[in-house]
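Chemist: Sharing run05.cif below, mmCIF, C-alpha atoms:
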```cif
data_input
loop_
_atom_site.group_PDB
_atom_site.id
_atom_site.type_symbol
_atom_site.label_atom_id
_atom_site.label_comp_id
_atom_site.auth_asym_id
_atom_site.auth_seq_id
_atom_site.Cartn_x
_atom_site.Cartn_y
_atom_site.Cartn_z
ATOM 1 C CA MET O 1 19.134 4.059 0.332
ATOM 2 C CA VAL O 2 17.114 1.719 -1.854
ATOM 3 C CA SER O 3 18.583 -1.761 -2.024
ATOM 4 C CA GLY O 4 17.796 -4.548 -4.450
ATOM 5 C CA LYS O 5 17.968 -4.827 -8.227
ATOM 6 C CA LEU O 6 15.441 -4.484 -10.986
ATOM 7 C CA SER O 7 14.994 -7.308 -13.438
ATOM 8 C CA GLU O 8 17.491 -7.107 -16.287
ATOM 9 C CA VAL O 9 14.978 -8.792 -18.564
ATOM 10 C CA SER O 10 11.998 -6.466 -18.399
ATOM 11 C CA LYS O 11 10.977 -3.191 -16.845
ATOM 12 C CA PRO O 12 8.658 -3.520 -13.861
ATOM 13 C CA LEU O 13 4.960 -3.028 -13.473
ATOM 14 C CA VAL O 14 4.846 -0.371 -10.747
ATOM 15 C CA LEU O 15 1.755 -0.237 -8.543
ATOM 16 C CA MET O 16 1.458 2.997 -6.578
ATOM 17 C CA ASP O 17 -0.567 3.132 -3.378
ATOM 18 C CA ALA O 18 -1.989 6.530 -4.307
ATOM 19 C CA ALA O 19 -3.690 7.589 -1.057
ATOM 20 C CA SER O 20 -0.734 6.498 1.059
ATOM 21 C CA LEU O 21 1.603 8.530 -1.131
ATOM 22 C CA TYR O 22 -0.411 11.726 -1.367
ATOM 23 C CA PHE O 23 -1.084 11.678 2.379
ATOM 24 C CA ARG O 24 2.670 11.398 2.935
ATOM 25 C CA ALA O 25 3.322 14.232 0.483
ATOM 26 C CA PHE O 26 0.755 16.414 2.246
ATOM 27 C CA TYR O 27 2.471 16.047 5.602
ATOM 28 C CA ALA O 28 6.008 16.185 4.215
ATOM 29 C CA LEU O 29 5.647 19.453 2.298
ATOM 30 C CA PRO O 30 4.495 22.850 3.608
ATOM 31 C CA GLU O 31 1.007 24.148 2.907
ATOM 32 C CA SER O 32 2.658 27.356 1.807
ATOM 33 C CA MET O 33 2.976 25.647 -1.578
ATOM 34 C CA THR O 34 -0.107 27.151 -3.164
ATOM 35 C CA ALA O 35 -1.767 27.730 -6.528
ATOM 36 C CA PRO O 36 -2.230 31.285 -7.847
ATOM 37 C CA ASP O 37 -5.676 31.368 -6.219
ATOM 38 C CA GLY O 38 -4.226 30.368 -2.833
ATOM 39 C CA THR O 39 -5.299 26.700 -2.889
ATOM 40 C CA PRO O 40 -2.654 24.506 -1.197
ATOM 41 C CA VAL O 41 -1.052 22.117 -3.694
ATOM 42 C CA ASN O 42 1.654 20.553 -1.524
ATOM 43 C CA ALA O 43 0.142 17.056 -1.845
ATOM 44 C CA VAL O 44 -0.277 17.482 -5.606
ATOM 45 C CA ARG O 45 3.298 18.571 -6.146
ATOM 46 C CA GLY O 46 4.721 15.911 -3.852
ATOM 47 C CA PHE O 47 2.688 13.177 -5.522
ATOM 48 C CA VAL O 48 3.625 14.300 -9.044
ATOM 49 C CA ASP O 49 7.285 14.462 -8.041
ATOM 50 C CA THR O 50 7.011 10.910 -6.707
ATOM 51 C CA ILE O 51 5.682 9.679 -10.047
ATOM 52 C CA ALA O 52 8.596 11.362 -11.829
ATOM 53 C CA ARG O 53 11.067 9.632 -9.492
ATOM 54 C CA VAL O 54 9.362 6.275 -9.954
ATOM 55 C CA ILE O 55 9.624 6.565 -13.738
ATOM 56 C CA THR O 56 13.205 7.831 -13.657
ATOM 57 C CA GLU O 57 14.744 5.807 -10.813
ATOM 58 C CA ARG O 58 12.669 2.646 -10.816
ATOM 59 C CA LYS O 59 12.551 2.430 -14.629
ATOM 60 C CA ALA O 60 8.821 1.695 -14.689
ATOM 61 C CA GLY O 61 7.613 0.165 -17.922
ATOM 62 C CA ARG O 62 4.017 0.019 -16.746
ATOM 63 C CA LEU O 63 2.487 2.128 -14.009
ATOM 64 C CA VAL O 64 -0.846 2.123 -12.186
ATOM 65 C CA ALA O 65 -2.029 4.567 -9.524
ATOM 66 C CA CYS O 66 -4.211 2.376 -7.314
ATOM 67 C CA LEU O 67 -7.161 4.078 -5.622
ATOM 68 C CA ASP O 68 -9.501 3.463 -2.698
ATOM 69 C CA ALA O 69 -13.030 2.933 -3.983
ATOM 70 C CA ASP O 70 -13.920 2.288 -0.334
ATOM 71 C CA TRP O 71 -11.353 3.183 2.318
ATOM 72 C CA ARG O 72 -13.218 1.141 4.973
ATOM 73 C CA PRO O 73 -14.893 -1.777 3.148
ATOM 74 C CA GLU O 74 -18.089 -3.197 4.579
ATOM 75 C CA PHE O 75 -16.787 -6.772 4.589
ATOM 76 C CA ARG O 76 -13.924 -5.749 6.873
ATOM 77 C CA VAL O 77 -16.108 -3.636 9.154
ATOM 78 C CA ALA O 78 -18.613 -6.501 9.408
ATOM 79 C CA ALA O 79 -15.809 -8.790 10.516
ATOM 80 C CA LEU O 80 -14.242 -6.288 12.928
ATOM 81 C CA PRO O 81 -16.274 -3.126 13.707
ATOM 82 C CA SER O 82 -13.211 -1.406 15.202
ATOM 83 C CA TYR O 83 -11.460 -1.457 11.820
ATOM 84 C CA LYS O 84 -10.376 2.142 11.147
ATOM 85 C CA ALA O 85 -13.312 3.325 13.308
ATOM 86 C CA HIS O 86 -11.167 6.028 14.916
ATOM 87 C CA ARG O 87 -10.545 7.574 11.475
ATOM 88 C CA VAL O 88 -14.213 8.172 10.665
ATOM 89 C CA ALA O 89 -14.877 11.897 10.508
ATOM 90 C CA GLU O 90 -16.841 13.146 13.507
ATOM 91 C CA GLY O 91 -20.522 13.390 12.669
ATOM 92 C CA ALA O 92 -20.085 11.763 9.244
ATOM 93 C CA MET O 93 -23.269 9.806 8.529
ATOM 94 C CA ASP O 94 -21.708 8.128 5.494
ATOM 95 C CA GLY O 95 -18.629 6.901 7.356
ATOM 96 C CA ALA O 96 -16.347 9.254 5.442
ATOM 97 C CA GLU O 97 -12.684 9.292 6.394
ATOM 98 C CA GLU O 98 -11.378 12.208 8.408
ATOM 99 C CA VAL O 99 -9.115 14.065 5.991
ATOM 100 C CA PRO O 100 -7.410 17.435 6.560
ATOM 101 C CA ASP O 101 -9.516 20.246 5.082
ATOM 102 C CA THR O 102 -6.667 21.428 2.892
ATOM 103 C CA LEU O 103 -5.954 17.945 1.493
ATOM 104 C CA THR O 104 -9.516 17.167 0.377
ATOM 105 C CA PRO O 105 -9.592 19.663 -2.539
ATOM 106 C CA GLN O 106 -6.198 18.445 -3.758
ATOM 107 C CA VAL O 107 -7.350 14.893 -4.504
ATOM 108 C CA PRO O 108 -9.448 15.853 -7.579
ATOM 109 C CA ILE O 109 -6.487 17.861 -8.864
ATOM 110 C CA ILE O 110 -4.263 14.781 -8.557
ATOM 111 C CA LEU O 111 -6.802 12.716 -10.489
ATOM 112 C CA ASP O 112 -7.034 15.422 -13.177
ATOM 113 C CA VAL O 113 -3.256 15.407 -13.557
ATOM 114 C CA LEU O 114 -3.112 11.624 -13.852
ATOM 115 C CA ASP O 115 -5.807 11.691 -16.514
ATOM 116 C CA ALA O 116 -4.215 14.489 -18.539
ATOM 117 C CA VAL O 117 -0.763 12.915 -18.420
ATOM 118 C CA GLY O 118 -2.119 9.472 -19.281
ATOM 119 C CA ILE O 119 -1.126 7.520 -16.159
ATOM 120 C CA ALA O 120 -3.466 4.579 -15.585
ATOM 121 C CA THR O 121 -5.631 4.464 -12.467
ATOM 122 C CA ALA O 122 -7.357 1.411 -11.036
ATOM 123 C CA GLU O 123 -9.963 0.751 -8.369
ATOM 124 C CA ALA O 124 -12.441 -1.944 -7.372
ATOM 125 C CA THR O 125 -15.927 -1.270 -6.030
ATOM 126 C CA GLY O 126 -16.105 -2.089 -2.327
ATOM 127 C CA TYR O 127 -12.342 -2.473 -1.931
ATOM 128 C CA GLU O 128 -9.308 -0.525 -0.790
ATOM 129 C CA ALA O 129 -6.244 0.331 -2.844
ATOM 130 C CA ASP O 130 -4.410 -2.448 -0.986
ATOM 131 C CA ASP O 131 -6.816 -4.956 -2.520
ATOM 132 C CA VAL O 132 -6.344 -3.472 -5.982
ATOM 133 C CA ILE O 133 -2.596 -3.823 -5.549
ATOM 134 C CA GLY O 134 -2.937 -7.339 -4.166
ATOM 135 C CA THR O 135 -5.084 -8.402 -7.105
ATOM 136 C CA LEU O 136 -2.936 -6.796 -9.812
ATOM 137 C CA ALA O 137 0.234 -8.234 -8.279
ATOM 138 C CA ALA O 138 -1.285 -11.709 -7.901
ATOM 139 C CA ARG O 139 -2.391 -11.917 -11.501
ATOM 140 C CA GLU O 140 0.827 -10.560 -13.075
ATOM 141 C CA THR O 141 2.687 -13.305 -14.945
ATOM 142 C CA THR O 142 4.815 -11.273 -17.367
ATOM 143 C CA ASP O 143 6.800 -8.523 -15.640
ATOM 144 C CA PRO O 144 8.405 -8.050 -12.238
ATOM 145 C CA VAL O 145 6.234 -5.966 -9.927
ATOM 146 C CA GLU O 146 7.187 -3.130 -7.607
ATOM 147 C CA VAL O 147 4.683 -1.750 -5.093
ATOM 148 C CA ILE O 148 5.336 1.827 -3.957
ATOM 149 C CA THR O 149 3.781 2.541 -0.577
ATOM 150 C CA GLY O 150 4.196 3.934 2.914
ATOM 151 C CA ASP O 151 1.972 1.171 4.313
ATOM 152 C CA ARG O 152 3.508 -1.946 5.903
ATOM 153 C CA ASP O 153 0.308 -3.930 5.281
ATOM 154 C CA LEU O 154 1.437 -4.472 1.693
ATOM 155 C CA PHE O 155 4.577 -6.368 2.727
ATOM 156 C CA GLN O 156 2.398 -9.462 2.475
ATOM 157 C CA VAL O 157 2.366 -9.348 -1.356
ATOM 158 C CA VAL O 158 6.085 -10.086 -1.825
ATOM 159 C CA ARG O 159 6.940 -13.268 -3.727
ATOM 160 C CA GLU O 160 9.433 -14.830 -6.149
ATOM 161 C CA GLU O 161 7.182 -16.722 -8.567
ATOM 162 C CA PRO O 162 5.719 -16.611 -11.189
ATOM 163 C CA THR O 163 7.224 -13.114 -11.358
ATOM 164 C CA PRO O 164 9.002 -11.379 -8.490
ATOM 165 C CA VAL O 165 7.006 -8.883 -6.428
ATOM 166 C CA ARG O 166 8.866 -6.338 -4.331
ATOM 167 C CA VAL O 167 7.668 -3.526 -2.071
ATOM 168 C CA LEU O 168 9.442 -0.176 -2.131
ATOM 169 C CA TYR O 169 8.592 1.088 1.350
ATOM 170 C CA LEU O 170 8.663 4.862 1.793
ATOM 171 C CA GLY O 171 7.694 4.934 5.456
ATOM 172 C CA ARG O 172 10.767 7.035 6.278
ATOM 173 C CA GLY O 173 10.865 8.981 3.036
ATOM 174 C CA TRP O 174 12.491 8.413 -0.334
ATOM 175 C CA ALA O 175 16.043 8.919 0.957
ATOM 176 C CA LYS O 176 15.590 5.978 3.340
ATOM 177 C CA ALA O 177 13.397 3.845 1.066
ATOM 178 C CA GLU O 178 13.650 0.075 1.473
ATOM 179 C CA LEU O 179 13.135 -2.415 -1.344
ATOM 180 C CA LEU O 180 11.811 -5.584 0.226
ATOM 181 C CA GLY O 181 11.407 -9.009 -1.298
ATOM 182 C CA PRO O 182 10.958 -12.325 0.532
ATOM 183 C CA GLN O 183 14.583 -12.479 1.723
ATOM 184 C CA GLU O 184 14.685 -8.892 2.960
ATOM 185 C CA LEU O 185 11.282 -9.218 4.639
ATOM 186 C CA ALA O 186 12.311 -12.449 6.355
ATOM 187 C CA ALA O 187 15.527 -10.864 7.619
ATOM 188 C CA LYS O 188 13.776 -7.698 8.816
ATOM 189 C CA TYR O 189 11.183 -9.512 10.931
ATOM 190 C CA ALA O 190 12.871 -12.863 11.643
ATOM 191 C CA LEU O 191 10.321 -14.702 9.508
ATOM 192 C CA PRO O 192 10.761 -17.773 7.313
ATOM 193 C CA VAL O 193 11.897 -16.919 3.779
ATOM 194 C CA HIS O 194 9.525 -19.464 2.306
ATOM 195 C CA ASP O 195 6.185 -17.713 1.801
ATOM 196 C CA ALA O 196 7.459 -14.668 3.679
ATOM 197 C CA GLY O 197 4.524 -12.536 2.546
ATOM 198 C CA ARG O 198 1.947 -14.863 4.041
ATOM 199 C CA ALA O 199 4.091 -15.210 7.161
ATOM 200 C CA TYR O 200 4.116 -11.424 7.543
ATOM 201 C CA ALA O 201 0.314 -11.301 7.280
ATOM 202 C CA GLY O 202 0.057 -13.954 9.998
ATOM 203 C CA MET O 203 2.426 -12.004 12.214
ATOM 204 C CA ALA O 204 0.392 -8.851 11.598
ATOM 205 C CA VAL O 205 -2.776 -10.611 12.766
ATOM 206 C CA LEU O 206 -1.145 -11.656 16.043
ATOM 207 C CA ARG O 207 0.662 -8.349 16.595
ATOM 208 C CA GLY O 208 -2.271 -6.133 15.680
ATOM 209 C CA ASP O 209 -2.105 -2.539 14.489
ATOM 210 C CA PRO O 210 -3.699 0.245 16.565
ATOM 211 C CA SER O 211 -3.524 2.620 13.586
ATOM 212 C CA ASP O 212 -6.042 0.378 11.806
ATOM 213 C CA GLY O 213 -8.104 -0.511 14.883
ATOM 214 C CA LEU O 214 -6.657 -4.049 15.078
ATOM 215 C CA PRO O 215 -6.200 -4.965 18.754
ATOM 216 C CA GLY O 216 -3.988 -7.997 18.145
ATOM 217 C CA VAL O 217 -3.513 -10.664 20.792
ATOM 218 C CA ALA O 218 -2.910 -9.184 24.246
ATOM 219 C CA GLY O 219 0.580 -10.041 25.469
ATOM 220 C CA ILE O 220 1.919 -11.003 22.052
ATOM 221 C CA GLY O 221 4.102 -8.333 20.483
ATOM 222 C CA GLU O 222 5.890 -8.284 17.160
ATOM 223 C CA LYS O 223 8.867 -10.432 18.183
ATOM 224 C CA THR O 224 6.744 -13.098 19.830
ATOM 225 C CA ALA O 225 4.338 -13.095 16.893
ATOM 226 C CA ALA O 226 7.210 -13.580 14.435
ATOM 227 C CA LYS O 227 8.682 -16.345 16.588
ATOM 228 C CA LEU O 228 5.361 -18.210 16.684
ATOM 229 C CA ILE O 229 4.875 -17.956 12.923
ATOM 230 C CA THR O 230 8.455 -19.135 12.310
ATOM 231 C CA GLU O 231 8.227 -22.053 14.738
ATOM 232 C CA PHE O 232 4.878 -23.324 13.502
ATOM 233 C CA GLY O 233 5.121 -22.305 9.853
ATOM 234 C CA SER O 234 1.841 -20.400 9.510
ATOM 235 C CA LEU O 235 -0.864 -18.624 11.456
ATOM 236 C CA GLN O 236 -3.232 -21.549 10.965
ATOM 237 C CA ALA O 237 -0.663 -23.947 12.401
ATOM 238 C CA VAL O 238 -0.314 -21.693 15.465
ATOM 239 C CA LEU O 239 -4.090 -21.666 15.932
ATOM 240 C CA ASP O 240 -4.303 -25.432 15.497
ATOM 241 C CA ALA O 241 -1.656 -25.890 18.189
ATOM 242 C CA VAL O 242 -3.746 -23.944 20.699
ATOM 243 C CA HIS O 243 -6.156 -26.866 20.986
ATOM 244 C CA ASP O 244 -3.491 -29.572 20.803
ATOM 245 C CA GLY O 245 -2.390 -30.169 24.353
ATOM 246 C CA ARG O 246 0.408 -32.453 23.189
ATOM 247 C CA ASP O 247 2.232 -29.642 21.376
ATOM 248 C CA ARG O 248 4.927 -28.485 23.779
ATOM 249 C CA LYS O 249 6.268 -25.731 21.502
ATOM 250 C CA LEU O 250 3.447 -23.451 22.632
ATOM 251 C CA THR O 251 4.001 -22.033 26.109
ATOM 252 C CA THR O 252 1.187 -21.922 28.622
ATOM 253 C CA ARG O 253 1.293 -18.125 28.550
ATOM 254 C CA ALA O 254 1.015 -17.963 24.763
ATOM 255 C CA ARG O 255 -1.706 -20.621 24.684
ATOM 256 C CA THR O 256 -3.750 -18.689 27.244
ATOM 257 C CA ALA O 257 -3.344 -15.425 25.331
ATOM 258 C CA LEU O 258 -4.438 -17.067 22.081
ATOM 259 C CA LEU O 259 -7.426 -18.760 23.742
ATOM 260 C CA ASN O 260 -8.536 -15.432 25.184
ATOM 261 C CA ALA O 261 -8.349 -13.865 21.725
ATOM 262 C CA GLN O 262 -10.281 -16.562 19.843
ATOM 263 C CA ALA O 263 -13.099 -14.251 18.774
ATOM 264 C CA TYR O 264 -10.624 -11.746 17.332
ATOM 265 C CA LEU O 265 -8.506 -14.429 15.664
ATOM 266 C CA ALA O 266 -11.561 -15.874 13.937
ATOM 267 C CA VAL O 267 -12.140 -12.644 11.988
ATOM 268 C CA ALA O 268 -8.786 -10.856 11.870
ATOM 269 C CA PRO O 269 -7.421 -12.635 8.757
ATOM 270 C CA THR O 270 -10.417 -11.328 6.781
ATOM 271 C CA VAL O 271 -9.359 -7.809 7.753
ATOM 272 C CA VAL O 272 -5.588 -8.175 7.377
ATOM 273 C CA ASN O 273 -5.281 -10.273 4.220
ATOM 274 C CA VAL O 274 -5.461 -8.249 1.014
ATOM 275 C CA ALA O 275 -7.868 -9.478 -1.634
ATOM 276 C CA THR O 276 -6.383 -11.119 -4.705
ATOM 277 C CA ASP O 277 -9.596 -11.470 -6.693
ATOM 278 C CA ALA O 278 -11.124 -7.979 -6.699
ATOM 279 C CA LYS O 279 -12.881 -6.900 -9.904
ATOM 280 C CA ILE O 280 -10.541 -4.199 -11.136
ATOM 281 C CA ILE O 281 -11.792 -1.149 -13.020
ATOM 282 C CA MET O 282 -8.909 0.442 -14.948
ATOM 283 C CA ASP O 283 -9.357 3.698 -16.834
ATOM 284 C CA ARG O 284 -6.756 2.975 -19.545
ATOM 285 C CA PRO O 285 -3.945 0.565 -20.470
ATOM 286 C CA ASP O 286 -1.006 0.693 -18.053
ATOM 287 C CA PRO O 287 2.157 1.254 -20.188
ATOM 288 C CA VAL O 288 3.940 4.437 -19.147
ATOM 289 C CA PRO O 289 3.322 7.006 -21.911
ATOM 290 C CA THR O 290 6.184 8.798 -23.631
ATOM 291 C CA THR O 291 4.079 11.917 -24.203
ATOM 292 C CA PRO O 292 1.082 13.283 -22.273
ATOM 293 C CA ALA O 293 -2.366 12.094 -23.290
ATOM 294 C CA ASP O 294 -3.697 15.671 -23.402
ATOM 295 C CA PRO O 295 -0.885 18.245 -23.681
ATOM 296 C CA ASP O 296 -3.245 21.230 -23.736
ATOM 297 C CA ARG O 297 -4.931 20.121 -20.543
ATOM 298 C CA VAL O 298 -1.546 19.490 -18.914
ATOM 299 C CA ALA O 299 -0.557 23.058 -19.782
ATOM 300 C CA GLU O 300 -3.832 24.407 -18.392
ATOM 301 C CA LEU O 301 -3.458 22.434 -15.134
ATOM 302 C CA THR O 302 0.125 23.644 -14.806
ATOM 303 C CA ARG O 303 -0.970 27.276 -15.087
ATOM 304 C CA ARG O 304 -4.106 26.991 -12.981
ATOM 305 C CA TRP O 305 -2.534 25.160 -10.056
ATOM 306 C CA GLY O 306 0.983 26.585 -10.168
ATOM 307 C CA LEU O 307 2.659 23.265 -10.967
ATOM 308 C CA GLY O 308 5.392 24.862 -13.040
ATOM 309 C CA SER O 309 8.206 22.814 -11.508
ATOM 310 C CA SER O 310 6.528 19.476 -10.847
ATOM 311 C CA LEU O 311 4.609 18.761 -14.051
ATOM 312 C CA PRO O 312 7.476 19.719 -16.394
ATOM 313 C CA ARG O 313 9.696 17.396 -14.362
ATOM 314 C CA LEU O 314 7.216 14.573 -14.885
ATOM 315 C CA LEU O 315 6.957 15.261 -18.624
ATOM 316 C CA THR O 316 10.757 15.195 -18.897
ATOM 317 C CA ALA O 317 10.784 11.817 -17.126
ATOM 318 C CA LEU O 318 8.278 10.497 -19.692
ATOM 319 C CA GLU O 319 10.342 11.743 -22.627
ATOM 320 C CA ARG O 320 13.613 10.257 -21.338
ATOM 321 C CA ARG O 321 12.404 6.808 -20.384
#
```
Starting from the file, lay out its structure as structure tokens.
Modeler:
Amino acid sequence: MVSGKLSEVSKPLVLMDAASLYFRAFYALPESMTAPDGTPVNAVRGFVDTIARVITERKAGRLVACLDADWRPEFRVAALPSYKAHRVAEGAMDGAEEVPDTLTPQVPIILDVLDAVGIATAEATGYEADDVIGTLAARETTDPVEVITGDRDLFQVVREEPTPVRVLYLGRGWAKAELLGPQELAAKYALPVHDAGRAYAGMAVLRGDPSDGLPGVAGIGEKTAAKLITEFGSLQAVLDAVHDGRDRKLTTRARTALLNAQAYLAVAPTVVNVATDAKIIMDRPDPVPTTPADPDRVAELTRRWGLGSSLPRLLTALERR
């Protein structure tokens, strides 16, 4: 069950991690959901249903579907060549991501639906959706922000000021969604409440993440990583202590592990930390529309792709907001 409250003053700016959400929809729903021509549309329908729930249940006042302009940015690969290397499609000369054959044709349909309905999309050349979200959240000074994602990497964007930023984490599905702010994040991972987002990023560097090709520091798991960040206050303070022989808070075992991982630790923050200064390209203003931008096209997409339950549900959510 989602915990936490929305601001009573203003409706939130909701930033959706589009790829994370349509990947989750693809795997959560059966491929037997097809268009009249037999094209699977399970990811489309699941993604559209998610938007409807976001508008209805999270009371979004503004909404942006954030996209990957580059799912494996060069600046991260240059820093750490193993970054997402295992996800590159076999034989792909352009470094394209390995995506299920039946998901690939659904992505353009999702983008067509967003355009016809009038939901804003945003991307930044050379950056991932995480960086788009990080930048839009960092520069928001008017409304509370909610990030909708199935990716723990975005926990680092939570904050209280100048406007609160929360992450609605759908890693275990909507029924078990968690709304995390600094206090909830600190409690979940035994991190300091003050600057909990940055503390989480520091912990993530030390812990690593095999799903992203981040080896982490050998011998330092999540609990030890969190303990180090909490005791020293920041990742940089932990790294500074490695070379300070007078600091007795760092055990010999931990010091040795960190020394052995110096090359990794020198570049890992560049990979883990989301950008907050990406040059955002947005296709339209972000207020949630009350009516579709192109009703005729919405009707045509509904017929063509067999979206007769999902798109009407979304349109109803727009009308009732």
Chemist: Report as a ChimeraX atom specification the residues that result from applying the PyMOL selection byres ((chain O and resi 274) around 8) to the structure here.
Modeler: /O:130-131,134,154,271-273,275-276
Chemist: Identify which of the residues O:Ala226, O:Leu235, O:Val48, O:Val165 lies closest to O:Leu315, counting only C-alpha atoms when measuring atom-to-atom distances.
Modeler: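 For O:Leu315, the nearest of the given residues is O:Val48.
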Chemist: What does the structure give for the distance between atom CA of O:Val288 and atom CA of O:Ile55, in Å to one decimal?
Modeler: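 Computed distance, atom CA of O:Val288 to atom CA of O:Ile55, equals 8.1 Å.
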Chemist: Restricting the calculation to all atoms listed in the file, which member of O:Arg76, O:Lys11, O:Arg304, O:Lys249 is positioned closest to O:Asp212?
Modeler: O:Arg76
Chemist: What does the structure give for the distance between atom CA of O:Ala35 and atom CA of O:Val54, in Å to one decimal?
Modeler: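 According to the coordinates, atom CA of O:Ala35 and atom CA of O:Val54 are separated by 24.4 Å.
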Chemist: Considering all atoms listed in the file, state which residue in the set O:Val145, O:Leu136, O:Val117, O:Val158 is at the smallest distance from O:Met282.
Modeler: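 Checking each of O:Val145, O:Leu136, O:Val117, O:Val158 against O:Met282, counting all atoms listed in the file, the winner is O:Leu136.
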Chemist: Taking all atoms of stretch 52-60 of chain O that appear in the file, build a box with edges along x, y and z, extend it by 3 Å on every side, and state its centre and edge lengths in Å to one decimal, as lines of an AutoDock Vina configuration file.
Modeler:
```
center_x = 11.7
center_y = 6.5
center_z = -12.1
size_x = 12.1
size_y = 15.7
size_z = 11.2
```
Chemist: Identify which of the residues O:Val157, O:Leu259, O:Val167, O:Ala69 lies closest to O:Asp195, counting only C-alpha atoms when measuring atom-to-atom distances.
Modeler: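 Between O:Val157, O:Leu259, O:Val167, O:Ala69, the residue approaching O:Asp195 most closely is O:Val157.
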Chemist: Could you state the separation of atom CA of O:Pro289 and atom CA of O:Leu307 in Å, given to one decimal place?
Modeler: 19.6 Å
